[in-house]
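Q: The structure's right below; bear with me while I get my questions together.
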Amino acid sequence: MNSPSPALPVVVIGGGIVGSALLHTLAHRGVDAVLLEAESELGLAASGTNSGILHTGFDSTPGELETELILRAARIRPAILDALGVPVIACGAELVPHTEEDAETVVALAAGAAANGVEVEIRESDGALLVPGESVSDPVAFTAALAASAVATGARVELDARVSSLTPGDDGIEVETSDGRRFAAAAVVNAAGLHADDVARLIGDDSFEIYPRKGEFFVFRLPDGATLDRIILPVPTKRTKGVLVFPTLDGTVIAGPTAVDLDDKDDWTVRPEARDEILAKAVVQFPALEGLEPIASYAGLRPAGRGSNYVIGSSEKDARLINVAAIRSTGLTASLGIADYVAELLPSIGVEVGPLQPPTPAASTPAAAPAPAPSGPWWRRTAEHRGALRAAGAGTGAGAGAGAGAGEEHRA
Ligand SMILES: Cc1cc2nc3c(=O)[nH]c(=O)nc-3n(C[C@H](O)[C@H](O)[C@H](O)COP(=O)(O)OP(=O)(O)OC[C@H]3O[C@@H](n4cnc5c(N)ncnc54)[C@H](O)[C@@H]3O)c2cc1C
């Protein structure tokens with residue numbers, strides 16, 4: 001392996017939550033770092049179209065890398081969220097059993113949670129599993145705050161910077177964007193989400209493949225200003241994890257997501273049948289949704305690995321390219337654990353990494369923010385960008401119709 005020049009920065013490709021957490025961690029560990037994001041804003045892909053839930057890892061498989069990084073993130077994240085002023089609803093979650101099989105699953109989940117060191121409790125009255133540590137965040141604010149804090153600490157963010165070529169050399173890797181910007185990098189971290197496989201192929205690495213797993217959501221406003229005070233998770237079955245119902249920071253309630261495997265990485269539409277699929281399950285969890293018209297819908301695409309999950313490590317073609325790919329379902333939660341793990345890999349390829357410094361406080365970051373703060377709720381901004389915000393239910397099956405759609409509400 002060629003040794004990198006210490007004068008060169010580390011280039012992070014992709015400005016989702018994972019790339020932004022990487023930038024934050026590198027900047028706060030004394031590493032010169034530059035983030036290149038293809039879009040004109042950060043967090044417009046999976047990181048801006050998810051459930052926004054910070055999981056505890058209570059139901060994660062003990063021993064897997066994903067679980068390890070969820071648990072590692074849980075140790076690092078609270079101080080950073082606090083220092084950066086990222087909003088969080090620390091409401092906890094509950095899973096209510098509806099069948100004998102569900103009740104057995106709850107007992108098994110409680111045992112798994114204990115193995116992961118996550119606090120849970122079984123409620124005596126109905127056998128529900130309570131997970132007090134589960135919380136809801138604003139994933140776009142989280143992404144933007146991490147990047148802004150990194151920039152305030154000396155890192156750089158380049159927007160509209162789609163990486164189109166990687167050329168390994170003696171001192172490092174030359175990174176070029178589609179509009180001709182060039183960056184000499186000591187090492188490159190590939191956090192390009194759905195396109196991480198395309199980026200890896202730029203140096204001939206075709207060791208993994210990413211496909212989109214679509215998740216659709218419907219947004220509701222409860223009557224009389226009511227809100228939901230907890231995350232309602234379904235008890236998983238052998239067939240499905242089911243849909244959840246959760247509150248948002250702007251006072252709405254969201255039901256979803258679906259899980260539909262696709263080939264098209266640009267299909268952010270909500271399928272006509274998604275509404276009935278979600279509502280049938282959501283109403284069982286939260287009967288207050290019965291008969292309500294959704295005010296909006298949106299879809300996210302999980303960057304799923306074909307036969308792989310959490311592909312993190314040096315590329316087999318050049319160790320100075322570190323792939324951070326197939327972060328399918330828990331990247332919001334695990335991002336700071338992933339970044340910590342990657343920072344520990346860098347010394348083995350010759351990049352010096354210092355100890356983690358306390359986060360740069362939010363008060364000092366606005367001037368350095370790489371993009372204007374989004375107006376309106378995060379789920380609306382990203383859905384609009386993707387062209388997926390539509391009159392909810394328009395053209396859909398039973399129950400669809402002339403109710404207030406998202407577009408109408410938006411114009412009002
Ligand atoms: C429906 C759904 C529900 C989810 N719910 C949760 C949840 O509740 N909790 C949780 O923890 N996780 C959840 N997730 C998972 C989480 O959203 C992802 O794991 C996480 O967003 C992945 O982050 P990322 O930064 O790897 O990818 P992305 O957010 O997809 O970011 C990748 C970025 O790379 C950029 N890029 C791509 N190619 C290039 C290039 N050539 N050059 C430069 N930039 C490039 C893209 O524009 C994009 O901004 C959910 C995901 C979905 C879709």
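Simple scheme: letters A, B, ... for chains in structure tokens order, numbers from 1 for residues in each chain, numbers from 1 for ligands in the order shown.
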Could you pull out all residues of range 19-104 of chain A with a DSSP call of strand (DSSP E) and give them as a list in words?
A: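 Output for range 19-104 of chain A, strand (DSSP E) only: Ala33, Val34, Leu35, Leu36, Ile53, Leu54, Val88, Ile89, Ala93, Glu94 and Leu95 of chain A.
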Q: Set the cut-off to 7 Å, count only C-alpha atoms and all ligand atoms, and list whatever residues fall near ligand 1 as a PyMOL selection string.
A: chain A and resi 13-19+36-39+42-55+161-164+191-196+199+214-216+257+299-303+325+327-334
Q: Show me, as JSON, numbers by chain, the residues that have an atom within 12 Å of range 171-173 of chain A when counting only C-alpha atoms, minus same-chain residues fewer than 5 positions from it.
A: {"A": [1, 2, 3, 4, 5, 6, 7, 8, 9, 10, 11, 165, 166, 182, 183, 184, 185, 186, 187, 188, 189, 202, 203, 318, 319, 320, 321, 322, 349, 350, 351]}
Q: Let's have the selection written as an mmCIF file, in the first residue's frame, with N, CA and C atoms.
A:
```cif
data_model
loop_
_atom_site.group_PDB
_atom_site.id
_atom_site.type_symbol
_atom_site.label_atom_id
_atom_site.label_comp_id
_atom_site.auth_asym_id
_atom_site.auth_seq_id
_atom_site.Cartn_x
_atom_site.Cartn_y
_atom_site.Cartn_z
ATOM 1 N N MET A 1 0.838 -1.207 0.000
ATOM 2 C CA MET A 1 0.000 0.000 0.000
ATOM 3 C C MET A 1 0.871 1.255 0.000
ATOM 4 N N ASN A 2 0.506 2.255 -0.795
ATOM 5 C CA ASN A 2 1.180 3.548 -0.745
ATOM 6 C C ASN A 2 0.780 4.261 0.534
ATOM 7 N N SER A 3 1.704 5.062 1.106
ATOM 8 C CA SER A 3 1.332 5.776 2.339
ATOM 9 C C SER A 3 0.841 7.173 1.989
ATOM 10 N N PRO A 4 -0.234 7.607 2.653
ATOM 11 C CA PRO A 4 -0.809 8.899 2.310
ATOM 12 C C PRO A 4 0.039 10.057 2.819
ATOM 13 N N SER A 5 -0.064 11.194 2.155
ATOM 14 C CA SER A 5 0.631 12.389 2.616
ATOM 15 C C SER A 5 -0.140 12.978 3.788
ATOM 16 N N PRO A 6 0.572 13.263 4.901
ATOM 17 C CA PRO A 6 -0.149 13.827 6.057
ATOM 18 C C PRO A 6 -0.713 15.210 5.770
ATOM 19 N N ALA A 7 -0.256 15.859 4.683
ATOM 20 C CA ALA A 7 -0.737 17.216 4.381
ATOM 21 C C ALA A 7 -2.122 17.187 3.744
ATOM 22 N N LEU A 8 -2.568 16.017 3.294
ATOM 23 C CA LEU A 8 -3.828 15.960 2.551
ATOM 24 C C LEU A 8 -5.010 15.671 3.473
ATOM 25 N N PRO A 9 -6.178 16.199 3.121
ATOM 26 C CA PRO A 9 -7.356 15.921 3.944
ATOM 27 C C PRO A 9 -7.936 14.534 3.663
ATOM 28 N N VAL A 10 -8.835 14.142 4.540
ATOM 29 C CA VAL A 10 -9.677 12.975 4.279
ATOM 30 C C VAL A 10 -10.939 13.499 3.591
ATOM 31 N N VAL A 11 -11.305 12.892 2.474
ATOM 32 C CA VAL A 11 -12.527 13.297 1.760
ATOM 33 C C VAL A 11 -13.639 12.317 2.106
ATOM 34 N N SER A 165 -15.062 10.593 -10.358
ATOM 35 C CA SER A 165 -13.898 9.735 -10.574
ATOM 36 C C SER A 165 -12.986 9.726 -9.357
ATOM 37 N N LEU A 166 -12.331 8.591 -9.161
ATOM 38 C CA LEU A 166 -11.349 8.405 -8.083
ATOM 39 C C LEU A 166 -10.091 7.847 -8.739
ATOM 40 N N ARG A 182 -11.484 19.253 -8.251
ATOM 41 C CA ARG A 182 -10.559 18.168 -7.888
ATOM 42 C C ARG A 182 -10.077 18.316 -6.449
ATOM 43 N N PHE A 183 -9.947 17.189 -5.760
ATOM 44 C CA PHE A 183 -9.513 17.185 -4.361
ATOM 45 C C PHE A 183 -8.487 16.066 -4.209
ATOM 46 N N ALA A 184 -7.305 16.441 -3.702
ATOM 47 C CA ALA A 184 -6.303 15.416 -3.391
ATOM 48 C C ALA A 184 -6.573 14.943 -1.969
ATOM 49 N N ALA A 185 -6.769 13.639 -1.793
ATOM 50 C CA ALA A 185 -7.177 13.108 -0.485
ATOM 51 C C ALA A 185 -6.168 12.088 0.026
ATOM 52 N N ALA A 186 -5.851 12.186 1.323
ATOM 53 C CA ALA A 186 -5.028 11.148 1.945
ATOM 54 C C ALA A 186 -5.803 9.838 1.959
ATOM 55 N N ALA A 187 -7.094 9.943 2.225
ATOM 56 C CA ALA A 187 -7.985 8.772 2.242
ATOM 57 C C ALA A 187 -9.383 9.252 1.889
ATOM 58 N N VAL A 188 -10.194 8.344 1.400
ATOM 59 C CA VAL A 188 -11.563 8.680 1.009
ATOM 60 C C VAL A 188 -12.511 7.767 1.777
ATOM 61 N N VAL A 189 -13.549 8.368 2.372
ATOM 62 C CA VAL A 189 -14.568 7.555 3.039
ATOM 63 C C VAL A 189 -15.838 7.632 2.195
ATOM 64 N N LEU A 202 -15.833 3.113 -8.930
ATOM 65 C CA LEU A 202 -14.927 4.094 -9.572
ATOM 66 C C LEU A 202 -13.460 3.678 -9.439
ATOM 67 N N ILE A 203 -13.142 2.826 -8.433
ATOM 68 C CA ILE A 203 -11.770 2.283 -8.396
ATOM 69 C C ILE A 203 -11.788 0.770 -8.652
ATOM 70 N N ASP A 318 -8.099 -0.749 -2.887
ATOM 71 C CA ASP A 318 -7.170 0.252 -2.356
ATOM 72 C C ASP A 318 -7.609 0.556 -0.928
ATOM 73 N N ALA A 319 -6.739 0.235 0.032
ATOM 74 C CA ALA A 319 -7.117 0.358 1.452
ATOM 75 C C ALA A 319 -7.443 1.798 1.833
ATOM 76 N N ARG A 320 -6.988 2.763 1.006
ATOM 77 C CA ARG A 320 -7.247 4.165 1.354
ATOM 78 C C ARG A 320 -8.672 4.585 1.018
ATOM 79 N N LEU A 321 -9.421 3.722 0.368
ATOM 80 C CA LEU A 321 -10.867 3.958 0.214
ATOM 81 C C LEU A 321 -11.577 3.118 1.270
ATOM 82 N N ILE A 322 -12.253 3.790 2.186
ATOM 83 C CA ILE A 322 -13.017 3.066 3.209
ATOM 84 C C ILE A 322 -14.495 3.139 2.848
ATOM 85 N N ILE A 349 -4.244 2.999 7.931
ATOM 86 C CA ILE A 349 -3.873 3.403 6.562
ATOM 87 C C ILE A 349 -3.079 4.711 6.600
ATOM 88 N N GLY A 350 -2.494 5.007 7.748
ATOM 89 C CA GLY A 350 -1.536 6.107 7.829
ATOM 90 C C GLY A 350 -2.116 7.475 8.128
ATOM 91 N N VAL A 351 -3.402 7.555 8.497
ATOM 92 C CA VAL A 351 -3.993 8.856 8.830
ATOM 93 C C VAL A 351 -4.016 8.997 10.352
#
```
Q: List as a list in words the protein and nucleic acid residues near Pro97 in chain A, meaning an atom at most 9 Å away when only C-alpha atoms are counted, but skip any in the same chain fewer than 3 places from it.
A: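 Listed by chain and then number, they are Glu100, Glu101, Asp102, Ala103, Glu104, Thr105, Val106, Asp126, Gly127, Ala128, Leu129, Pro234 and Val235 of chain A.
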Q: Can those selected residues be exported to a file as a PDB file, in the first residue's frame so that it contains all heavy atoms?
A:
```pdb
ATOM      1  N   GLU A 100     -51.385 -14.572  21.676  1.00  0.00           N
ATOM      2  CA  GLU A 100     -50.508 -15.399  22.528  1.00  0.00           C
ATOM      3  C   GLU A 100     -49.085 -15.415  21.963  1.00  0.00           C
ATOM      4  O   GLU A 100     -48.093 -15.314  22.700  1.00  0.00           O
ATOM      5  CB  GLU A 100     -51.093 -16.823  22.548  1.00  0.00           C
ATOM      6  CG  GLU A 100     -50.597 -17.704  23.686  1.00  0.00           C
ATOM      7  CD  GLU A 100     -50.773 -17.064  25.065  1.00  0.00           C
ATOM      8  OE1 GLU A 100     -51.833 -16.455  25.349  1.00  0.00           O
ATOM      9  OE2 GLU A 100     -49.816 -17.172  25.842  1.00  0.00           O
ATOM     10  N   GLU A 101     -48.992 -15.497  20.619  1.00  0.00           N
ATOM     11  CA  GLU A 101     -47.672 -15.503  19.963  1.00  0.00           C
ATOM     12  C   GLU A 101     -46.936 -14.186  20.241  1.00  0.00           C
ATOM     13  O   GLU A 101     -45.736 -14.169  20.525  1.00  0.00           O
ATOM     14  CB  GLU A 101     -47.877 -15.704  18.452  1.00  0.00           C
ATOM     15  CG  GLU A 101     -46.592 -15.941  17.686  1.00  0.00           C
ATOM     16  CD  GLU A 101     -46.796 -15.866  16.164  1.00  0.00           C
ATOM     17  OE1 GLU A 101     -47.946 -15.985  15.700  1.00  0.00           O
ATOM     18  OE2 GLU A 101     -45.799 -15.648  15.466  1.00  0.00           O
ATOM     19  N   ASP A 102     -47.698 -13.068  20.173  1.00  0.00           N
ATOM     20  CA  ASP A 102     -47.102 -11.752  20.484  1.00  0.00           C
ATOM     21  C   ASP A 102     -46.529 -11.740  21.895  1.00  0.00           C
ATOM     22  O   ASP A 102     -45.433 -11.213  22.136  1.00  0.00           O
ATOM     23  CB  ASP A 102     -48.164 -10.641  20.423  1.00  0.00           C
ATOM     24  CG  ASP A 102     -48.540 -10.247  19.001  1.00  0.00           C
ATOM     25  OD1 ASP A 102     -47.908 -10.776  18.059  1.00  0.00           O
ATOM     26  OD2 ASP A 102     -49.455  -9.413  18.856  1.00  0.00           O
ATOM     27  N   ALA A 103     -47.297 -12.304  22.833  1.00  0.00           N
ATOM     28  CA  ALA A 103     -46.857 -12.278  24.242  1.00  0.00           C
ATOM     29  C   ALA A 103     -45.545 -13.045  24.405  1.00  0.00           C
ATOM     30  O   ALA A 103     -44.642 -12.615  25.136  1.00  0.00           O
ATOM     31  CB  ALA A 103     -47.946 -12.871  25.135  1.00  0.00           C
ATOM     32  N   GLU A 104     -45.427 -14.157  23.670  1.00  0.00           N
ATOM     33  CA  GLU A 104     -44.164 -14.929  23.734  1.00  0.00           C
ATOM     34  C   GLU A 104     -43.031 -14.117  23.120  1.00  0.00           C
ATOM     35  O   GLU A 104     -41.901 -14.114  23.611  1.00  0.00           O
ATOM     36  CB  GLU A 104     -44.324 -16.255  22.971  1.00  0.00           C
ATOM     37  CG  GLU A 104     -45.115 -17.283  23.757  1.00  0.00           C
ATOM     38  CD  GLU A 104     -45.575 -18.452  22.896  1.00  0.00           C
ATOM     39  OE1 GLU A 104     -44.987 -18.674  21.812  1.00  0.00           O
ATOM     40  OE2 GLU A 104     -46.542 -19.124  23.295  1.00  0.00           O
ATOM     41  N   THR A 105     -43.349 -13.397  22.031  1.00  0.00           N
ATOM     42  CA  THR A 105     -42.317 -12.568  21.384  1.00  0.00           C
ATOM     43  C   THR A 105     -41.829 -11.473  22.326  1.00  0.00           C
ATOM     44  O   THR A 105     -40.638 -11.164  22.379  1.00  0.00           O
ATOM     45  CB  THR A 105     -42.881 -11.946  20.083  1.00  0.00           C
ATOM     46  OG1 THR A 105     -43.359 -13.001  19.259  1.00  0.00           O
ATOM     47  CG2 THR A 105     -41.820 -11.154  19.327  1.00  0.00           C
ATOM     48  N   VAL A 106     -42.761 -10.883  23.072  1.00  0.00           N
ATOM     49  CA  VAL A 106     -42.389  -9.820  24.012  1.00  0.00           C
ATOM     50  C   VAL A 106     -41.384 -10.350  25.043  1.00  0.00           C
ATOM     51  O   VAL A 106     -40.382  -9.684  25.350  1.00  0.00           O
ATOM     52  CB  VAL A 106     -43.648  -9.244  24.697  1.00  0.00           C
ATOM     53  CG1 VAL A 106     -43.287  -8.482  25.966  1.00  0.00           C
ATOM     54  CG2 VAL A 106     -44.406  -8.336  23.737  1.00  0.00           C
ATOM     55  N   ASP A 126     -51.156  -5.275  30.767  1.00  0.00           N
ATOM     56  CA  ASP A 126     -51.463  -5.826  29.435  1.00  0.00           C
ATOM     57  C   ASP A 126     -50.286  -6.556  28.792  1.00  0.00           C
ATOM     58  O   ASP A 126     -50.351  -6.945  27.631  1.00  0.00           O
ATOM     59  CB  ASP A 126     -51.937  -4.695  28.500  1.00  0.00           C
ATOM     60  CG  ASP A 126     -50.899  -3.592  28.349  1.00  0.00           C
ATOM     61  OD1 ASP A 126     -49.837  -3.682  29.026  1.00  0.00           O
ATOM     62  OD2 ASP A 126     -51.131  -2.664  27.565  1.00  0.00           O
ATOM     63  N   GLY A 127     -49.193  -6.735  29.536  1.00  0.00           N
ATOM     64  CA  GLY A 127     -48.047  -7.470  28.989  1.00  0.00           C
ATOM     65  C   GLY A 127     -47.264  -6.680  27.959  1.00  0.00           C
ATOM     66  O   GLY A 127     -46.425  -7.245  27.241  1.00  0.00           O
ATOM     67  N   ALA A 128     -47.503  -5.367  27.866  1.00  0.00           N
ATOM     68  CA  ALA A 128     -46.785  -4.569  26.858  1.00  0.00           C
ATOM     69  C   ALA A 128     -45.313  -4.426  27.238  1.00  0.00           C
ATOM     70  O   ALA A 128     -44.977  -4.331  28.419  1.00  0.00           O
ATOM     71  CB  ALA A 128     -47.421  -3.183  26.742  1.00  0.00           C
ATOM     72  N   LEU A 129     -44.472  -4.410  26.205  1.00  0.00           N
ATOM     73  CA  LEU A 129     -43.053  -4.146  26.427  1.00  0.00           C
ATOM     74  C   LEU A 129     -42.831  -2.643  26.364  1.00  0.00           C
ATOM     75  O   LEU A 129     -43.178  -2.001  25.362  1.00  0.00           O
ATOM     76  CB  LEU A 129     -42.214  -4.851  25.354  1.00  0.00           C
ATOM     77  CG  LEU A 129     -40.700  -4.782  25.568  1.00  0.00           C
ATOM     78  CD1 LEU A 129     -40.281  -5.677  26.752  1.00  0.00           C
ATOM     79  CD2 LEU A 129     -39.942  -5.188  24.324  1.00  0.00           C
ATOM     80  N   PRO A 234     -45.068  -2.148  16.545  1.00  0.00           N
ATOM     81  CA  PRO A 234     -45.788  -3.422  16.507  1.00  0.00           C
ATOM     82  C   PRO A 234     -44.922  -4.518  17.100  1.00  0.00           C
ATOM     83  O   PRO A 234     -43.693  -4.416  17.083  1.00  0.00           O
ATOM     84  CB  PRO A 234     -46.001  -3.651  15.013  1.00  0.00           C
ATOM     85  CG  PRO A 234     -44.878  -2.918  14.357  1.00  0.00           C
ATOM     86  CD  PRO A 234     -44.535  -1.754  15.245  1.00  0.00           C
ATOM     87  N   VAL A 235     -45.527  -5.542  17.631  1.00  0.00           N
ATOM     88  CA  VAL A 235     -44.754  -6.723  18.028  1.00  0.00           C
ATOM     89  C   VAL A 235     -44.398  -7.444  16.728  1.00  0.00           C
ATOM     90  O   VAL A 235     -45.288  -7.788  15.949  1.00  0.00           O
ATOM     91  CB  VAL A 235     -45.595  -7.646  18.945  1.00  0.00           C
ATOM     92  CG1 VAL A 235     -44.801  -8.904  19.306  1.00  0.00           C
ATOM     93  CG2 VAL A 235     -46.016  -6.894  20.204  1.00  0.00           C
TER      94      VAL A 235
END
```
Q: Using only C-alpha atoms, which residue out of A:Leu109, A:Ala326, A:Leu26, A:Val131 lies closest to Pro212 in chain A?
A: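 Answer, going by the shortest atom-to-atom distance: A:Ala326.
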Q: Find the residue from A:Pro358, A:Gly225, A:Gly57, A:Gly307 that sits nearest to Ala114 in chain A; use only C-alpha atoms when measuring.
A: A:Gly57
Q: Looking only at the backbone, which of the residues in range 174-274 of chain A does DSSP tag as alpha helix (DSSP H), as a list in words?
A: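 Alpha helix (DSSP H) assignments inside range 174-274 of chain A correspond to Ala196, Asp197, Asp198, Val199, Ala200, Arg201 and Ala274 of chain A.
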Q: For the selection just defined, write its residues with C-alpha atoms to a file, as a PDB file, in the first residue's frame.
A:
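Contents of again-v9.pdb, as written:
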```pdb
ATOM      1  CA  ALA A 196     -22.017   3.701  -2.465  1.00  0.00           C
ATOM      2  CA  ASP A 197     -21.634   0.754  -4.848  1.00  0.00           C
ATOM      3  CA  ASP A 198     -21.346   3.120  -7.830  1.00  0.00           C
ATOM      4  CA  VAL A 199     -18.666   5.116  -5.967  1.00  0.00           C
ATOM      5  CA  ALA A 200     -16.713   1.957  -5.027  1.00  0.00           C
ATOM      6  CA  ARG A 201     -16.805   0.883  -8.684  1.00  0.00           C
ATOM      7  CA  ALA A 274     -49.424   1.984   0.215  1.00  0.00           C
TER       8      ALA A 274
END
```
Q: Just the number, please: distance in Å from CA of Cys91 in chain A to CA of Ile232 in chain A, one decimal.
A: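 Computed distance, CA of Cys91 in chain A to CA of Ile232 in chain A, equals 10.4 Å.
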Q: CA of Arg75 in chain A and CA of Thr56 in chain A are how many Å apart?
A: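 Pair CA of Arg75 in chain A / CA of Thr56 in chain A returns 10.4 Å.
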